[in-house]
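So this block is target13.txt, compact mmCIF, N, CA and C atoms and all ligand atoms:
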```
# COMPACT_ATOMS: atom_id res chain seq x y z
N MET A 1 102.63 99.80 108.25
CA MET A 1 103.09 100.41 109.49
C MET A 1 101.89 100.91 110.30
N THR A 2 101.85 100.50 111.57
CA THR A 2 100.74 100.99 112.39
C THR A 2 101.07 102.41 112.84
N MET A 3 100.05 103.26 112.80
CA MET A 3 100.27 104.64 113.22
C MET A 3 100.07 104.73 114.73
N ASP A 4 101.12 105.05 115.42
CA ASP A 4 101.02 105.18 116.88
C ASP A 4 100.88 106.64 117.27
N TRP A 5 99.88 106.89 118.10
CA TRP A 5 99.65 108.27 118.54
C TRP A 5 100.69 108.66 119.58
N LYS A 6 101.19 109.87 119.48
CA LYS A 6 102.13 110.38 120.50
C LYS A 6 101.62 111.74 120.96
N ASP A 7 101.81 112.03 122.24
CA ASP A 7 101.35 113.32 122.75
C ASP A 7 102.08 114.49 122.11
N GLY A 8 103.22 114.21 121.49
CA GLY A 8 103.94 115.25 120.76
C GLY A 8 103.13 115.79 119.58
N TYR A 9 102.06 115.07 119.18
CA TYR A 9 101.22 115.52 118.07
C TYR A 9 100.10 116.45 118.54
N LEU A 10 99.97 116.62 119.84
CA LEU A 10 98.85 117.43 120.36
C LEU A 10 98.95 118.88 119.91
N THR A 11 97.81 119.43 119.52
CA THR A 11 97.77 120.83 119.09
C THR A 11 97.30 121.75 120.21
N GLY A 12 96.69 121.15 121.23
CA GLY A 12 96.14 121.97 122.32
C GLY A 12 94.67 122.30 122.09
N VAL A 13 94.15 121.94 120.92
CA VAL A 13 92.71 122.12 120.65
C VAL A 13 92.10 120.73 120.78
N LYS A 14 91.31 120.55 121.84
CA LYS A 14 90.81 119.21 122.15
C LYS A 14 90.09 118.53 120.99
N ARG A 15 89.24 119.31 120.31
CA ARG A 15 88.46 118.69 119.24
C ARG A 15 89.35 118.30 118.05
N VAL A 16 90.33 119.13 117.76
CA VAL A 16 91.27 118.81 116.67
C VAL A 16 92.05 117.55 117.04
N ASP A 17 92.51 117.49 118.28
CA ASP A 17 93.30 116.32 118.72
C ASP A 17 92.46 115.04 118.68
N ALA A 18 91.19 115.16 119.10
CA ALA A 18 90.31 113.98 119.07
C ALA A 18 90.09 113.55 117.61
N GLN A 19 89.93 114.51 116.72
CA GLN A 19 89.73 114.17 115.30
C GLN A 19 90.99 113.53 114.72
N HIS A 20 92.15 114.05 115.09
CA HIS A 20 93.41 113.46 114.61
C HIS A 20 93.54 112.01 115.10
N LYS A 21 93.22 111.80 116.37
CA LYS A 21 93.31 110.44 116.92
C LYS A 21 92.38 109.50 116.16
N LYS A 22 91.19 110.00 115.84
CA LYS A 22 90.21 109.18 115.12
C LYS A 22 90.74 108.82 113.72
N LEU A 23 91.43 109.77 113.10
CA LEU A 23 92.01 109.50 111.77
C LEU A 23 93.09 108.42 111.87
N PHE A 24 93.87 108.46 112.93
CA PHE A 24 94.90 107.44 113.13
C PHE A 24 94.22 106.06 113.24
N VAL A 25 93.12 106.00 114.02
CA VAL A 25 92.41 104.74 114.20
C VAL A 25 91.85 104.25 112.86
N SER A 26 91.26 105.16 112.10
CA SER A 26 90.67 104.78 110.80
C SER A 26 91.74 104.24 109.86
N LEU A 27 92.91 104.88 109.85
CA LEU A 27 93.99 104.42 108.97
C LEU A 27 94.50 103.05 109.41
N ASN A 28 94.56 102.83 110.73
CA ASN A 28 95.00 101.52 111.22
C ASN A 28 93.95 100.45 110.90
N ASP A 29 92.67 100.83 110.99
CA ASP A 29 91.59 99.89 110.62
C ASP A 29 91.69 99.53 109.14
N MET A 30 92.02 100.53 108.33
CA MET A 30 92.13 100.28 106.89
C MET A 30 93.29 99.33 106.61
N GLU A 31 94.38 99.52 107.32
CA GLU A 31 95.54 98.65 107.15
C GLU A 31 95.17 97.21 107.52
N GLN A 32 94.41 97.10 108.60
CA GLN A 32 93.94 95.79 109.07
C GLN A 32 93.09 95.13 107.98
N MET A 33 92.20 95.92 107.40
CA MET A 33 91.31 95.41 106.37
C MET A 33 92.11 94.92 105.16
N ILE A 34 93.13 95.70 104.77
CA ILE A 34 93.94 95.34 103.61
C ILE A 34 94.74 94.05 103.87
N SER A 35 95.07 93.82 105.14
CA SER A 35 95.88 92.63 105.45
C SER A 35 95.04 91.34 105.45
N GLN A 36 93.71 91.48 105.33
CA GLN A 36 92.87 90.28 105.27
C GLN A 36 93.04 89.59 103.92
N LYS A 37 92.60 88.31 103.86
CA LYS A 37 92.76 87.53 102.64
C LYS A 37 92.14 88.22 101.43
N SER A 38 90.90 88.63 101.60
CA SER A 38 90.26 89.34 100.50
C SER A 38 89.46 90.52 101.05
N VAL A 39 89.31 91.52 100.20
CA VAL A 39 88.59 92.72 100.60
C VAL A 39 87.45 92.92 99.61
N SER A 40 86.21 93.02 100.13
CA SER A 40 85.10 93.20 99.20
C SER A 40 85.04 94.67 98.78
N ALA A 41 84.52 94.87 97.55
CA ALA A 41 84.46 96.24 97.01
C ALA A 41 83.57 97.12 97.89
N SER A 42 82.48 96.54 98.42
CA SER A 42 81.58 97.37 99.23
C SER A 42 82.22 97.75 100.57
N GLU A 43 82.99 96.82 101.11
CA GLU A 43 83.71 97.08 102.36
C GLU A 43 84.70 98.24 102.14
N ALA A 44 85.42 98.16 101.03
CA ALA A 44 86.41 99.19 100.71
C ALA A 44 85.72 100.53 100.47
N ASP A 45 84.62 100.51 99.72
CA ASP A 45 83.86 101.74 99.44
C ASP A 45 83.39 102.40 100.73
N ASP A 46 82.84 101.58 101.63
CA ASP A 46 82.32 102.12 102.89
C ASP A 46 83.43 102.78 103.69
N MET A 47 84.58 102.11 103.73
CA MET A 47 85.68 102.63 104.52
C MET A 47 86.22 103.95 103.92
N ILE A 48 86.32 104.00 102.61
CA ILE A 48 86.84 105.21 101.97
C ILE A 48 85.83 106.37 102.11
N SER A 49 84.54 106.05 102.01
CA SER A 49 83.52 107.09 102.18
C SER A 49 83.55 107.65 103.59
N ALA A 50 83.68 106.75 104.58
CA ALA A 50 83.72 107.20 105.98
C ALA A 50 84.95 108.06 106.22
N LEU A 51 86.07 107.66 105.62
CA LEU A 51 87.31 108.44 105.77
C LEU A 51 87.13 109.82 105.14
N ALA A 52 86.53 109.84 103.94
CA ALA A 52 86.33 111.12 103.24
C ALA A 52 85.46 112.06 104.08
N THR A 53 84.39 111.52 104.69
CA THR A 53 83.50 112.34 105.52
C THR A 53 84.23 112.88 106.75
N ASP A 54 84.96 112.00 107.43
CA ASP A 54 85.70 112.42 108.64
C ASP A 54 86.75 113.48 108.30
N VAL A 55 87.45 113.25 107.21
CA VAL A 55 88.51 114.18 106.80
C VAL A 55 87.91 115.55 106.47
N GLN A 56 86.80 115.56 105.74
CA GLN A 56 86.17 116.83 105.37
C GLN A 56 85.72 117.62 106.59
N LYS A 57 85.06 116.90 107.52
CA LYS A 57 84.57 117.56 108.75
C LYS A 57 85.75 118.11 109.54
N HIS A 58 86.79 117.30 109.67
CA HIS A 58 87.96 117.70 110.43
C HIS A 58 88.64 118.91 109.79
N PHE A 59 88.81 118.87 108.49
CA PHE A 59 89.50 119.97 107.81
C PHE A 59 88.75 121.28 107.99
N SER A 60 87.43 121.26 107.83
CA SER A 60 86.72 122.54 107.93
C SER A 60 86.78 123.08 109.36
N PHE A 61 86.72 122.18 110.35
CA PHE A 61 86.83 122.67 111.73
C PHE A 61 88.23 123.23 112.00
N GLU A 62 89.24 122.50 111.58
CA GLU A 62 90.62 122.92 111.85
C GLU A 62 90.99 124.21 111.09
N GLU A 63 90.49 124.33 109.88
CA GLU A 63 90.77 125.56 109.11
C GLU A 63 90.16 126.77 109.83
N GLY A 64 88.97 126.59 110.39
CA GLY A 64 88.32 127.66 111.16
C GLY A 64 89.15 128.03 112.38
N CYS A 65 89.68 127.01 113.05
CA CYS A 65 90.53 127.23 114.24
C CYS A 65 91.75 128.06 113.87
N MET A 66 92.39 127.67 112.79
CA MET A 66 93.63 128.37 112.39
C MET A 66 93.33 129.83 112.04
N MET A 67 92.18 130.05 111.44
CA MET A 67 91.79 131.43 111.10
C MET A 67 91.58 132.23 112.38
N ARG A 68 90.79 131.64 113.29
CA ARG A 68 90.46 132.34 114.54
C ARG A 68 91.69 132.63 115.39
N HIS A 69 92.64 131.72 115.37
CA HIS A 69 93.86 131.90 116.17
C HIS A 69 94.95 132.61 115.38
N GLU A 70 94.60 133.05 114.19
CA GLU A 70 95.54 133.77 113.33
C GLU A 70 96.86 133.02 113.19
N CYS A 71 96.74 131.74 112.91
CA CYS A 71 97.93 130.90 112.75
C CYS A 71 98.62 131.23 111.42
N PRO A 72 99.92 131.47 111.46
CA PRO A 72 100.61 131.80 110.21
C PRO A 72 100.62 130.65 109.19
N MET A 73 100.28 129.44 109.66
CA MET A 73 100.26 128.28 108.75
C MET A 73 98.88 128.07 108.11
N ALA A 74 97.94 128.96 108.38
CA ALA A 74 96.55 128.76 107.91
C ALA A 74 96.46 128.52 106.40
N LYS A 75 97.18 129.30 105.63
CA LYS A 75 97.10 129.18 104.16
C LYS A 75 97.73 127.86 103.71
N LYS A 76 98.91 127.54 104.24
CA LYS A 76 99.59 126.29 103.87
C LYS A 76 98.72 125.10 104.29
N ASN A 77 98.09 125.23 105.48
CA ASN A 77 97.23 124.18 105.99
C ASN A 77 96.09 123.90 105.01
N LYS A 78 95.42 124.98 104.58
CA LYS A 78 94.28 124.84 103.66
C LYS A 78 94.75 124.24 102.32
N ASP A 79 95.88 124.70 101.83
CA ASP A 79 96.39 124.20 100.54
C ASP A 79 96.68 122.69 100.62
N GLU A 80 97.31 122.28 101.73
CA GLU A 80 97.61 120.85 101.88
C GLU A 80 96.33 120.04 102.05
N HIS A 81 95.36 120.59 102.77
CA HIS A 81 94.06 119.90 102.92
C HIS A 81 93.43 119.66 101.55
N ASP A 82 93.46 120.71 100.72
CA ASP A 82 92.86 120.59 99.39
C ASP A 82 93.53 119.48 98.58
N GLN A 83 94.85 119.35 98.77
CA GLN A 83 95.58 118.30 98.04
C GLN A 83 95.14 116.90 98.49
N LEU A 84 94.95 116.73 99.80
CA LEU A 84 94.53 115.40 100.26
C LEU A 84 93.09 115.10 99.81
N LEU A 85 92.23 116.12 99.87
CA LEU A 85 90.84 115.90 99.43
C LEU A 85 90.82 115.49 97.96
N GLU A 86 91.67 116.11 97.17
CA GLU A 86 91.74 115.79 95.75
C GLU A 86 92.19 114.33 95.56
N LEU A 87 93.19 113.95 96.34
CA LEU A 87 93.70 112.57 96.25
C LEU A 87 92.59 111.56 96.61
N ILE A 88 91.83 111.86 97.68
CA ILE A 88 90.76 110.95 98.09
C ILE A 88 89.65 110.90 97.03
N HIS A 89 89.26 112.07 96.54
CA HIS A 89 88.18 112.11 95.53
C HIS A 89 88.60 111.41 94.24
N GLU A 90 89.87 111.56 93.89
CA GLU A 90 90.40 110.90 92.69
C GLU A 90 90.31 109.38 92.85
N TYR A 91 90.68 108.90 94.03
CA TYR A 91 90.66 107.45 94.26
C TYR A 91 89.21 106.94 94.28
N GLN A 92 88.30 107.74 94.86
CA GLN A 92 86.88 107.33 94.87
C GLN A 92 86.36 107.23 93.44
N HIS A 93 86.80 108.16 92.61
CA HIS A 93 86.39 108.20 91.21
C HIS A 93 86.89 106.93 90.48
N ILE A 94 88.16 106.59 90.74
CA ILE A 94 88.76 105.39 90.13
C ILE A 94 87.99 104.14 90.58
N CYS A 95 87.64 104.10 91.88
CA CYS A 95 86.94 102.93 92.43
C CYS A 95 85.53 102.76 91.85
N LYS A 96 84.97 103.87 91.38
CA LYS A 96 83.63 103.78 90.76
C LYS A 96 83.74 103.11 89.40
N LYS A 97 84.87 103.35 88.74
CA LYS A 97 85.06 102.78 87.40
C LYS A 97 85.51 101.33 87.44
N ARG A 98 86.39 101.01 88.35
CA ARG A 98 86.80 99.60 88.49
C ARG A 98 87.03 99.26 89.96
N LYS A 99 86.67 97.99 90.25
CA LYS A 99 86.75 97.49 91.63
C LYS A 99 88.13 97.72 92.24
N PRO A 100 88.20 98.25 93.46
CA PRO A 100 89.53 98.45 94.05
C PRO A 100 90.23 97.13 94.35
N THR A 101 91.49 97.05 94.02
CA THR A 101 92.28 95.86 94.33
C THR A 101 92.99 96.09 95.67
N LYS A 102 93.50 95.01 96.24
CA LYS A 102 94.25 95.16 97.49
C LYS A 102 95.48 96.03 97.26
N GLN A 103 96.08 95.88 96.07
CA GLN A 103 97.27 96.69 95.78
C GLN A 103 96.94 98.18 95.70
N SER A 104 95.82 98.49 95.02
CA SER A 104 95.49 99.91 94.89
C SER A 104 95.07 100.48 96.25
N LEU A 105 94.40 99.65 97.04
CA LEU A 105 94.02 100.10 98.39
C LEU A 105 95.25 100.35 99.25
N ALA A 106 96.23 99.44 99.12
CA ALA A 106 97.45 99.58 99.91
C ALA A 106 98.21 100.84 99.50
N ALA A 107 98.23 101.12 98.20
CA ALA A 107 98.94 102.32 97.72
C ALA A 107 98.21 103.57 98.21
N PHE A 108 96.88 103.53 98.16
CA PHE A 108 96.06 104.66 98.63
C PHE A 108 96.30 104.87 100.13
N HIS A 109 96.25 103.78 100.87
CA HIS A 109 96.46 103.84 102.32
C HIS A 109 97.81 104.46 102.65
N LYS A 110 98.84 104.00 101.94
CA LYS A 110 100.20 104.49 102.19
C LYS A 110 100.29 106.00 101.93
N SER A 111 99.67 106.45 100.85
CA SER A 111 99.71 107.89 100.50
C SER A 111 99.03 108.72 101.58
N VAL A 112 97.86 108.25 102.04
CA VAL A 112 97.12 109.02 103.05
C VAL A 112 97.87 109.00 104.38
N GLU A 113 98.41 107.84 104.72
CA GLU A 113 99.14 107.70 105.98
C GLU A 113 100.36 108.64 106.01
N THR A 114 101.13 108.64 104.93
CA THR A 114 102.31 109.51 104.85
C THR A 114 101.89 110.97 104.93
N TRP A 115 100.83 111.29 104.20
CA TRP A 115 100.34 112.68 104.20
C TRP A 115 99.97 113.11 105.62
N ILE A 116 99.19 112.28 106.32
CA ILE A 116 98.72 112.65 107.66
C ILE A 116 99.89 112.83 108.62
N MET A 117 100.83 111.89 108.62
CA MET A 117 101.97 111.99 109.54
C MET A 117 102.74 113.29 109.29
N GLU A 118 103.04 113.56 108.05
CA GLU A 118 103.83 114.76 107.74
C GLU A 118 103.05 116.03 108.04
N HIS A 119 101.77 116.02 107.69
CA HIS A 119 100.95 117.21 107.87
C HIS A 119 100.74 117.53 109.36
N VAL A 120 100.45 116.52 110.15
CA VAL A 120 100.24 116.74 111.58
C VAL A 120 101.54 117.25 112.22
N CYS A 121 102.66 116.64 111.85
CA CYS A 121 103.96 116.99 112.46
C CYS A 121 104.51 118.34 112.03
N PHE A 122 104.26 118.71 110.78
CA PHE A 122 104.90 119.93 110.27
C PHE A 122 103.97 121.12 110.08
N VAL A 123 102.68 120.87 110.03
CA VAL A 123 101.74 121.98 109.80
C VAL A 123 100.80 122.17 111.00
N ASP A 124 100.02 121.15 111.32
CA ASP A 124 99.01 121.28 112.38
C ASP A 124 99.62 121.64 113.73
N ILE A 125 100.81 121.15 113.96
CA ILE A 125 101.49 121.36 115.24
C ILE A 125 101.69 122.86 115.55
N HIS A 126 101.72 123.68 114.51
CA HIS A 126 101.90 125.13 114.70
C HIS A 126 100.71 125.76 115.43
N LEU A 127 99.58 125.06 115.39
CA LEU A 127 98.39 125.56 116.07
C LEU A 127 98.64 125.70 117.57
N ARG A 128 99.48 124.81 118.08
CA ARG A 128 99.73 124.77 119.53
C ARG A 128 100.16 126.13 120.09
N SER A 129 101.12 126.74 119.40
CA SER A 129 101.61 128.02 119.91
C SER A 129 100.63 129.17 119.65
N CYS A 130 99.64 128.94 118.79
CA CYS A 130 98.68 130.00 118.47
C CYS A 130 97.45 129.95 119.38
N VAL A 131 97.28 128.82 120.04
CA VAL A 131 96.08 128.66 120.87
C VAL A 131 96.23 129.43 122.18
N ARG A 132 95.29 130.30 122.38
CA ARG A 132 95.36 131.07 123.62
C ARG A 132 94.47 130.47 124.70
N ASN A 133 93.31 129.98 124.27
CA ASN A 133 92.39 129.36 125.24
C ASN A 133 92.40 127.86 125.07
N LYS A 134 93.05 127.16 125.95
CA LYS A 134 93.10 125.70 125.88
C LYS A 134 91.68 125.13 125.92
N GLY A 135 91.47 124.11 125.12
CA GLY A 135 90.18 123.45 125.09
C GLY A 135 89.16 124.19 124.23
N TYR A 136 89.59 125.16 123.47
CA TYR A 136 88.70 125.95 122.62
C TYR A 136 88.03 125.08 121.57
FE FE A 201 95.62 120.36 109.02
```
Same coordinates, now as structure tokens:
Amino acid sequence: MTMDWKDGYLTGVKRVDAQHKKLFVSLNDMEQMISQKSVSASEADDMISALATDVQKHFSFEEGCMMRHECPMAKKNKDEHDQLLELIHEYQHICKKRKPTKQSLAAFHKSVETWIMEHVCFVDIHLRSCVRNKGY
């Protein structure tokens, strides 16, 4: 499933929204890669490493925002972030031991995609009402 961006996902924090959009693009790129005939291990490694870096940077920025705006979802947000980071690190660990298959990549992609959609819609969206200075 291609992830389509909707303005209903906007949090009102420009940098958070730009990071979310970038994550949607990365997940769609990963889906594209998985749909190819074959996927090389190095290609998969590079893509997962880039995703891990983007996710980490985004999470730390967004967690700071929620703290500063005193968002009531800040704790739940951080807990869910930690769960996704664990899932990504676990998969990276598995890929170090054995070459990722298209099936394992597809399962990983599906888990991350589902997590992002649900998290943006049910947790991050709360930031919108907490933001006092648009574009912060
Ligand atoms: Fe979040």
Fill in: helix (DSSP H, G or I) per DSSP on the backbone: members of chain A, as a PyMOL selection string
chain A and resi 7-9+14-34+41-68+74-97+102-122+124-130
Worksheet item: Which residues sit within 8 Å of ligand FE 201 (chain A), counting all atoms listed in the file, listed as a list in words?
Response: His58, Phe59, Glu62, Glu63, Lys76, Asn77, Lys78, Glu80, His81, His119, Val120, Val123, Asp124 and Ile125 of chain A
Worksheet item: Which of these, A:Lys57, A:Met30, A:Lys22, A:Val16, has the shortest distance to His109 in chain A once you count only N, CA and C atoms?
Response: A:Met30
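From CA of Met33 in chain A back to atom N of Ala106 in chain A, the distance works out to 9.6 Å.
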Worksheet item: What does the distance from atom C of Gln19 in chain A to CA of Trp5 in chain A come to in Å, to one decimal?
Response: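 Taking atom C of Gln19 in chain A as the start and CA of Trp5 in chain A as the end point, the length is 10.8 Å.
CA of Lys75 in chain A sits 22.6 Å away from CA of Glu90 in chain A.
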Within 7 Å of Ile88 in chain A, counting only N, CA and C atoms, which residues qualify if same-chain residues fewer than 5 places away don't, as a short mmCIF file (atom, residue, chain, number, x, y, z; two decimals) with N, CA and C atoms, in the coordinates of the input?
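File out-v7.cif, as written:
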```cif
data_model
loop_
_atom_site.label_atom_id
_atom_site.label_comp_id
_atom_site.auth_asym_id
_atom_site.auth_seq_id
_atom_site.Cartn_x
_atom_site.Cartn_y
_atom_site.Cartn_z
N ALA A 52 86.53 109.84 103.94
CA ALA A 52 86.33 111.12 103.24
C ALA A 52 85.46 112.06 104.08
N GLN A 83 94.85 119.35 98.77
CA GLN A 83 95.58 118.30 98.04
C GLN A 83 95.14 116.90 98.49
N HIS A 93 86.80 108.16 92.61
CA HIS A 93 86.39 108.20 91.21
C HIS A 93 86.89 106.93 90.48
#
```
Response to the item:
Using only C-alpha atoms, the residue out of A:Ile94, A:Phe61, A:Val39, A:Ala44 with shortest distance to Ala18 in chain A is A:Phe61
Discussion item. Could you list, as a PyMOL selection string, every residue within 12 Å of Glu113 in chain A, counting only C-alpha atoms and ignoring same-chain residues fewer than 4 positions away?
Written reply: chain A and resi 1-4+20+23-31+51+84+88+105-109+117-120
Give the centre and edge lengths of an axis-aligned box, in Å to one decimal, that holds all listed atoms of range 109-121 of chain A with 3 Å on each side, as JSON.
```
{"center_x": 100.4, "center_y": 111.1, "center_z": 106.5, "size_x": 14.3, "size_y": 20.6, "size_z": 18.0}
```
